[in-house]
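S.K.: Below you'll find my_file-v1.csv; it's CSV, C-alpha atoms.
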```csv
chain,number,residue,atom,x,y,z
F,1,MET,CA,11.1,11.4,-29.0
F,2,ILE,CA,11.0,10.4,-25.3
F,3,ILE,CA,9.1,11.1,-22.2
F,4,ASP,CA,10.4,12.5,-18.9
F,5,SER,CA,8.6,10.2,-16.5
F,6,HIS,CA,9.3,12.2,-13.4
F,7,ALA,CA,10.0,15.9,-13.1
F,8,HIS,CA,8.9,18.7,-10.8
F,9,ILE,CA,7.8,21.4,-13.3
F,10,TYR,CA,6.0,23.4,-10.6
F,11,SER,CA,9.5,24.3,-9.2
F,12,TYR,CA,10.3,26.6,-12.2
F,13,ASP,CA,9.3,30.2,-12.9
F,14,ASN,CA,9.9,29.9,-16.6
F,15,ILE,CA,7.7,26.9,-17.5
F,16,ASP,CA,7.1,28.1,-21.1
F,17,LYS,CA,10.9,27.9,-21.8
F,18,ILE,CA,11.3,24.6,-19.9
F,19,VAL,CA,8.7,22.9,-22.1
F,20,GLU,CA,10.0,24.4,-25.3
F,21,ASP,CA,13.6,23.5,-24.5
F,22,ALA,CA,12.5,20.0,-23.7
F,23,LYS,CA,10.7,19.6,-27.0
F,24,ARG,CA,13.8,20.8,-28.9
F,25,SER,CA,15.8,18.1,-27.1
F,26,GLY,CA,13.4,15.3,-28.1
F,27,VAL,CA,11.4,15.3,-24.9
F,28,GLU,CA,7.8,15.4,-26.1
F,29,THR,CA,6.0,14.9,-22.8
F,30,ILE,CA,6.7,15.6,-19.2
F,31,ILE,CA,5.1,14.0,-16.1
F,32,SER,CA,5.2,16.6,-13.3
F,33,ILE,CA,5.2,14.7,-10.0
F,34,SER,CA,3.8,16.2,-6.8
F,35,THR,CA,5.2,16.1,-3.3
F,36,ASP,CA,2.5,17.7,-1.2
F,37,LEU,CA,-1.0,19.2,-1.4
F,38,GLU,CA,0.3,22.6,-2.7
F,39,SER,CA,2.3,21.1,-5.5
F,40,SER,CA,-0.6,18.8,-6.3
F,41,ASN,CA,-2.8,21.7,-6.8
F,42,LYS,CA,-0.1,23.5,-8.9
F,43,ASN,CA,0.4,20.5,-11.1
F,44,ILE,CA,-3.2,20.3,-12.0
F,45,VAL,CA,-3.2,23.9,-13.1
F,46,ILE,CA,0.0,23.5,-15.1
F,47,SER,CA,-1.1,20.3,-16.8
F,48,GLU,CA,-4.3,22.0,-17.9
F,49,LYS,CA,-2.3,24.8,-19.5
F,50,TYR,CA,0.4,22.8,-21.3
F,51,LYS,CA,-0.7,19.9,-23.6
F,52,GLU,CA,2.9,18.5,-23.2
F,53,VAL,CA,2.5,18.1,-19.4
F,54,PHE,CA,0.6,15.5,-17.4
F,55,CYS,CA,0.9,15.1,-13.6
F,56,SER,CA,0.5,13.0,-10.5
F,57,VAL,CA,-0.9,14.0,-7.1
F,58,GLY,CA,0.3,12.8,-3.7
F,59,ILE,CA,2.3,13.5,-0.6
F,60,HIS,CA,6.0,12.7,-0.3
F,61,PRO,CA,7.1,10.8,2.8
F,62,CYS,CA,9.2,13.7,4.0
F,63,ASP,CA,6.2,16.0,3.7
F,64,CYS,CA,3.8,13.7,5.7
F,65,VAL,CA,4.6,15.6,9.0
F,66,ASN,CA,3.3,18.8,7.4
F,67,HIS,CA,-0.1,17.3,6.6
F,68,LYS,CA,-3.1,15.7,8.2
F,69,ILE,CA,-4.5,12.4,7.1
F,70,SER,CA,-7.6,14.3,6.1
F,71,ASP,CA,-5.5,16.1,3.4
F,72,LEU,CA,-5.5,12.8,1.6
F,73,ASP,CA,-9.2,13.1,0.9
F,74,LYS,CA,-8.2,16.3,-1.0
F,75,ILE,CA,-5.5,14.3,-2.9
F,76,GLU,CA,-8.1,11.8,-3.9
F,77,GLN,CA,-10.5,14.5,-5.2
F,78,LEU,CA,-7.6,16.0,-7.3
F,79,SER,CA,-6.9,12.6,-8.7
F,80,PHE,CA,-10.1,12.7,-10.7
F,81,ASN,CA,-8.7,15.4,-13.0
F,82,SER,CA,-8.2,13.9,-16.4
F,83,ASN,CA,-4.6,15.3,-16.6
F,84,ASN,CA,-3.7,13.4,-13.5
F,85,LYS,CA,-2.2,10.0,-14.3
F,86,ALA,CA,-0.9,8.6,-11.0
F,87,ILE,CA,-0.7,8.9,-7.3
F,88,GLY,CA,2.7,10.1,-6.1
F,89,GLU,CA,5.3,10.5,-5.2
F,90,ILE,CA,4.7,8.4,-2.1
F,91,GLY,CA,6.8,6.0,-0.1
F,92,LEU,CA,9.3,5.8,2.8
F,93,ASP,CA,12.4,8.0,3.5
F,94,PHE,CA,14.5,7.2,6.5
F,95,PHE,CA,17.6,9.2,5.4
F,96,TYR,CA,17.2,12.1,7.7
F,97,THR,CA,15.2,10.6,10.6
F,98,LYS,CA,13.3,7.5,11.6
F,99,ASP,CA,11.2,9.3,14.2
F,100,ASP,CA,8.3,9.8,11.8
F,101,LYS,CA,8.2,6.1,10.6
F,102,LYS,CA,4.6,5.6,11.9
F,103,ILE,CA,3.1,8.5,10.0
F,104,GLN,CA,5.1,7.7,6.8
F,105,TYR,CA,3.7,4.2,6.8
F,106,GLU,CA,0.2,5.5,7.5
F,107,PHE,CA,0.4,7.9,4.5
F,108,LEU,CA,1.9,5.3,2.2
F,109,ASP,CA,-0.8,2.8,3.1
F,110,TYR,CA,-3.6,5.3,2.6
F,111,GLN,CA,-2.3,6.5,-0.7
F,112,ILE,CA,-1.8,3.0,-2.1
F,113,ASP,CA,-5.4,2.4,-1.2
F,114,ILE,CA,-6.4,5.6,-3.2
F,115,ALA,CA,-4.4,4.3,-6.1
F,116,ASN,CA,-6.2,0.9,-5.9
F,117,LYS,CA,-9.6,2.5,-5.6
F,118,ARG,CA,-9.0,4.9,-8.4
F,119,ASN,CA,-7.2,2.3,-10.6
F,120,LEU,CA,-4.2,4.6,-11.0
F,121,PRO,CA,-0.6,3.6,-10.9
F,122,PHE,CA,1.6,5.0,-8.1
F,123,VAL,CA,5.1,6.5,-8.0
F,124,VAL,CA,7.3,5.3,-5.2
F,125,HIS,CA,10.1,7.3,-3.4
F,126,ALA,CA,12.4,5.1,-1.3
F,127,ARG,CA,15.5,6.3,0.4
F,128,ASP,CA,17.4,4.2,3.0
F,129,SER,CA,14.2,2.1,3.1
F,130,TYR,CA,14.2,-0.4,0.2
F,131,ASN,CA,14.0,-3.5,2.5
F,132,GLU,CA,11.2,-1.9,4.6
F,133,LEU,CA,9.4,-1.0,1.4
F,134,ILE,CA,9.6,-4.5,0.1
F,135,ASP,CA,8.3,-5.9,3.4
F,136,PHE,CA,5.4,-3.4,3.3
F,137,LEU,CA,4.4,-4.1,-0.3
F,138,LYS,CA,4.2,-7.8,0.6
F,139,THR,CA,1.3,-6.9,3.0
F,140,LYS,CA,-0.7,-5.0,0.4
F,141,ASP,CA,-3.1,-6.3,-2.2
F,142,LEU,CA,-1.7,-4.3,-5.2
F,143,LYS,CA,-4.3,-3.9,-7.8
F,144,THR,CA,-2.4,-1.4,-9.9
F,145,GLU,CA,1.2,-0.9,-11.1
F,146,CYS,CA,4.0,1.1,-9.5
F,147,VAL,CA,7.4,2.5,-10.4
F,148,ILE,CA,10.4,2.7,-8.1
F,149,HIS,CA,11.6,6.2,-9.0
F,150,CYS,CA,15.3,7.2,-8.8
F,151,PHE,CA,16.5,3.6,-8.2
F,152,THR,CA,19.9,3.3,-6.7
F,153,GLY,CA,19.8,-0.2,-5.3
F,154,ASP,CA,21.6,-3.4,-6.4
F,155,LYS,CA,20.4,-6.2,-8.7
F,156,LEU,CA,19.0,-8.3,-5.9
F,157,LEU,CA,16.8,-5.4,-4.7
F,158,ALA,CA,15.8,-4.7,-8.4
F,159,LYS,CA,14.8,-8.3,-8.9
F,160,GLN,CA,12.6,-8.2,-5.8
F,161,PHE,CA,10.8,-5.1,-7.1
F,162,LEU,CA,10.5,-6.7,-10.5
F,163,ASP,CA,8.9,-9.7,-8.9
F,164,PHE,CA,6.2,-7.4,-7.7
F,165,GLY,CA,5.7,-6.3,-11.3
F,166,CYS,CA,7.2,-2.9,-10.5
F,167,TYR,CA,8.8,-0.7,-13.1
F,168,ILE,CA,12.3,0.7,-12.3
F,169,SER,CA,13.3,4.2,-13.2
F,170,PHE,CA,16.7,5.8,-13.3
F,171,THR,CA,17.8,9.4,-12.9
F,172,GLY,CA,21.0,11.3,-13.8
F,173,ILE,CA,22.8,9.4,-11.0
F,174,VAL,CA,23.3,6.6,-13.4
F,175,THR,CA,25.5,8.8,-15.6
F,176,PHE,CA,27.9,9.8,-12.8
F,177,LYS,CA,31.5,8.5,-13.3
F,178,LYS,CA,31.4,6.5,-10.1
F,179,SER,CA,28.1,4.8,-10.8
F,180,THR,CA,29.5,1.8,-12.6
F,181,GLU,CA,27.5,-0.7,-10.5
F,182,LEU,CA,24.3,1.3,-11.0
F,183,ARG,CA,24.9,1.1,-14.8
F,184,ASP,CA,25.2,-2.6,-14.5
F,185,VAL,CA,21.9,-2.7,-12.7
F,186,ALA,CA,20.2,-0.6,-15.4
F,187,ALA,CA,21.6,-3.0,-18.0
F,188,PHE,CA,20.0,-5.9,-16.0
F,189,ILE,CA,16.5,-4.4,-16.0
F,190,PRO,CA,14.3,-5.9,-18.8
F,191,ASN,CA,13.6,-3.4,-21.6
F,192,ASP,CA,9.9,-3.6,-20.9
F,193,LYS,CA,10.2,-2.6,-17.3
F,194,ILE,CA,12.6,0.4,-17.4
F,195,MET,CA,11.9,4.1,-17.4
F,196,ILE,CA,14.0,7.2,-17.2
F,197,GLU,CA,13.5,10.5,-15.5
F,198,THR,CA,15.3,13.8,-14.8
F,199,ASP,CA,13.8,14.4,-11.3
F,200,SER,CA,14.5,18.0,-12.3
F,201,PRO,CA,15.4,20.4,-10.9
F,202,TYR,CA,17.5,17.9,-9.0
F,203,LEU,CA,20.1,15.3,-10.0
F,204,SER,CA,21.4,16.9,-13.2
F,205,PRO,CA,23.3,14.2,-15.2
F,206,HIS,CA,26.8,14.3,-16.4
F,207,PRO,CA,28.1,16.5,-18.1
F,208,ASN,CA,25.9,19.0,-16.2
F,209,ARG,CA,26.3,17.6,-12.8
F,210,GLY,CA,26.0,20.2,-10.0
F,211,LYS,CA,23.8,22.5,-12.1
F,212,THR,CA,20.1,23.0,-12.1
F,213,ASN,CA,18.5,20.1,-13.9
F,214,TYR,CA,15.9,20.4,-16.7
F,215,PRO,CA,13.8,17.9,-18.7
F,216,SER,CA,15.9,18.7,-21.7
F,217,ASN,CA,18.8,16.8,-20.1
F,218,LEU,CA,16.9,13.5,-20.3
F,219,ILE,CA,18.8,12.6,-23.5
F,220,TYR,CA,22.0,12.0,-21.5
F,221,ILE,CA,20.4,9.4,-19.3
F,222,ALA,CA,18.9,7.6,-22.4
F,223,GLU,CA,22.3,7.6,-24.1
F,224,CYS,CA,24.1,6.3,-21.0
F,225,ILE,CA,21.7,3.4,-20.4
F,226,SER,CA,21.5,2.3,-24.0
F,227,GLU,CA,25.3,2.2,-24.1
F,228,ALA,CA,25.3,0.1,-20.8
F,229,LYS,CA,22.8,-2.2,-22.4
F,230,LYS,CA,24.7,-2.3,-25.7
F,231,PHE,CA,21.4,-1.6,-27.3
F,232,ASN,CA,20.5,0.5,-30.3
F,233,PHE,CA,19.8,4.0,-29.1
F,234,GLN,CA,16.7,4.7,-31.3
F,235,THR,CA,15.2,1.3,-30.4
F,236,PHE,CA,15.8,1.8,-26.8
F,237,CYS,CA,14.2,5.3,-26.8
F,238,LYS,CA,11.2,3.6,-28.5
F,239,ASN,CA,11.0,1.1,-25.7
F,240,LEU,CA,11.3,3.8,-23.1
F,241,LYS,CA,8.4,5.8,-24.6
F,242,GLU,CA,6.2,2.6,-24.9
F,243,ASN,CA,6.8,1.8,-21.3
F,244,THR,CA,6.0,5.3,-20.0
F,245,VAL,CA,2.9,5.5,-22.2
F,246,LYS,CA,1.7,2.2,-20.9
F,247,PHE,CA,2.4,2.9,-17.2
F,248,TYR,CA,0.8,6.3,-17.2
F,249,ARG,CA,-1.9,5.3,-19.7
F,250,LEU,CA,-1.2,8.4,-21.9
```
Can the structure in the file be given as structure tokens, please?
M.R.:
Amino acid sequence: MIIDSHAHIYSYDNIDKIVEDAKRSGVETIISISTDLESSNKNIVISEKYKEVFCSVGIHPCDCVNHKISDLDKIEQLSFNSNNKAIGEIGLDFFYTKDDKKIQYEFLDYQIDIANKRNLPFVVHARDSYNELIDFLKTKDLKTECVIHCFTGDKLLAKQFLDFGCYISFTGIVTFKKSTELRDVAAFIPNDKIMIETDSPYLSPHPNRGKTNYPSNLIYIAECISEAKKFNFQTFCKNLKENTVKFYRL
């Protein structure tokens, strides 16, 4: 049995079926990650309904422009719910534009401070911004752990994040036929610092690439990385579960 460390359950209409299908596929727990104030509120409600679902609350870098800094006070209040296990996803995303860099940094800074104050881990989104993120993390007094979600960088970047004590998480991208280098990176990550996620409904793994993704597809990612590591599948799944339980304090 394994844990989907990062999904967006609030995106689905048929959550009952999603959770049941996940359990039948060996996914016993799902962490539903928020991207804005609305999804943070939804995730609290969902996590209270389903014993298999926990959540995080936070504002994604691409959603910062749609919020006020004062909204982060509401995020902090939501973080006190017992089913909330992290702040996130937060971070930096310069893929579409760099015009909102200032506000992205401001929201990231504030939300890391919330994580520190609340003694909660935080979930980091980084796209076209790994080096900027590393430089920023060097300026912060990190009092809690973080995970770099959907990692697609190289070994050098991975080592720098590992040196911060970060966990590294991989999505279905690692299963794509052309992701040979990323599989090498996954093999490089120590077994006590790796997690896996579906990021569903996005990034469906091979052989379901291009289709809507579900937590039930997590098994393909586990199989792919255990093969890349040349590591016993059952033992690897045990490690993955232990890492996720430790990180989210489940």
S.K.: Check which residues of region 64-143 of chain F sit at most 12 Å from region 34-42 of chain F using only C-alpha atoms, and return one row each with the closest pair of atoms and their distance in Å to one decimal, ordered by chain and rising number, as a tab-separated table.
M.R.:
```
residue	atom	partner	partner_atom	distance
F:Cys64	CA	F:Asp36	CA	8.1
F:Val65	CA	F:Asp36	CA	10.6
F:Asn66	CA	F:Asp36	CA	8.7
F:His67	CA	F:Asp36	CA	8.2
F:Lys68	CA	F:Leu37	CA	10.4
F:Ile69	CA	F:Leu37	CA	11.4
F:Ser70	CA	F:Leu37	CA	11.1
F:Asp71	CA	F:Leu37	CA	7.3
F:Leu72	CA	F:Leu37	CA	8.4
F:Asp73	CA	F:Leu37	CA	10.5
F:Lys74	CA	F:Leu37	CA	7.8
F:Ile75	CA	F:Leu37	CA	6.8
F:Glu76	CA	F:Ser40	CA	10.5
F:Gln77	CA	F:Asn41	CA	10.7
F:Leu78	CA	F:Asn41	CA	7.5
F:Ser79	CA	F:Ser40	CA	9.2
F:Asn81	CA	F:Asn41	CA	10.6
F:Asn83	CA	F:Ser40	CA	11.6
F:Asn84	CA	F:Ser40	CA	9.5
F:Lys85	CA	F:Ser34	CA	11.4
F:Ala86	CA	F:Ser34	CA	9.9
F:Ile87	CA	F:Ser34	CA	8.6
F:Gly88	CA	F:Ser34	CA	6.2
F:Glu89	CA	F:Thr35	CA	5.9
F:Ile90	CA	F:Thr35	CA	7.8
F:Gly91	CA	F:Thr35	CA	10.7
F:Phe107	CA	F:Asp36	CA	11.5
F:Phe122	CA	F:Ser34	CA	11.5
F:Val123	CA	F:Ser34	CA	9.9
F:Val124	CA	F:Thr35	CA	11.2
F:His125	CA	F:Thr35	CA	10.1
```
S.K.: Restricting the calculation to only C-alpha atoms, which member of F:Lys138, F:Lys51, F:Lys229, F:His60 is positioned closest to Ile103 (chain F)?
M.R.: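 With only C-alpha atoms as the atom set, the closest residue is F:His60.
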S.K.: Which residues of region 206-248 of chain F come within 12 Å of region 147-157 of chain F, and what is each one's closest atom pair and distance in Å (one decimal), counting only C-alpha atoms, sorted by chain and residue number, as a tab-separated table?
M.R.:
```
residue	atom	partner	partner_atom	distance
F:Ile221	CA	F:Cys150	CA	11.9
F:Asn243	CA	F:Val147	CA	10.9
F:Thr244	CA	F:Val147	CA	10.1
F:Lys246	CA	F:Val147	CA	12.0
F:Phe247	CA	F:Val147	CA	8.4
F:Tyr248	CA	F:Val147	CA	10.2
```
S.K.: Hey, can you check how far CA of Leu120 (chain F) sits from CA of Ser32 (chain F)?
M.R.: 15.4 Å
S.K.: Between F:Leu250, F:Cys166, F:Cys146, F:Ala187, which one has atoms that come closest to Thr29 (chain F), using only C-alpha atoms?
M.R.: F:Leu250
S.K.: In terms of the shortest atom-to-atom distance over all atoms listed in the file, which of F:Val245, F:Tyr130, F:Pro215, F:Cys224 is closest to Ile18 (chain F)?
M.R.: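 Smallest separation from Ile18 (chain F) among the options: F:Pro215.
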S.K.: Could you give me, as an NGL selection string, the residues that sit within 12 Å of (12.9, -7.7, -11.1) in the file's coordinates, counting only C-alpha atoms?
M.R.: :F and (147-148 or 153-168 or 185-186 or 188-194)
S.K.: What does the distance from CA of Asp141 (chain F) to CA of Cys55 (chain F) come to in Å, to one decimal?
M.R.: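 Separation of CA of Asp141 (chain F) and CA of Cys55 (chain F): 24.6 Å.
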S.K.: Rounded to one decimal, what separation in Å do you get between CA of Asp93 (chain F) and CA of Ala228 (chain F)?
M.R.: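 Going from CA of Asp93 (chain F) over to CA of Ala228 (chain F) covers 28.6 Å.
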S.K.: Give as a list in words every residue, naming chains and numbers as the document does, that has an atom within 12 Å of (14.5, 7.2, 3.8), counting all atoms listed in the file.
M.R.: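 Here is the list of nearby residues: His60, Pro61, Cys62, Ile90, Gly91, Leu92, Asp93, Phe94, Phe95, Tyr96, Thr97, Lys98, Asp99, Asp100, Lys101, Gln104, Tyr105, Val124, His125, Ala126, Arg127, Asp128, Ser129, Tyr130, Asn131, Glu132 and Leu133 of chain F.
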S.K.: Of the candidates F:Arg183, F:Lys17, F:Lys49, F:Arg118, which shows the shortest atom-to-atom distance to Glu227 (chain F), using all atoms listed in the file?
M.R.: F:Arg183
S.K.: Check the smallest atom-to-atom distance from each of F:Ser226, F:Ser82, F:Thr235, F:Thr144 to Ile112 (chain F) using only C-alpha atoms, then report the winner.
M.R.: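 Checking each of F:Ser226, F:Ser82, F:Thr235, F:Thr144 against Ile112 (chain F), counting only C-alpha atoms, the winner is F:Thr144.
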S.K.: With only C-alpha atoms as the atoms that count, which of F:Lys102, F:Arg249, F:Ile44, F:Glu52 lies nearest to Pro121 (chain F)?
M.R.: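 Closest residue, counting only C-alpha atoms: F:Arg249.
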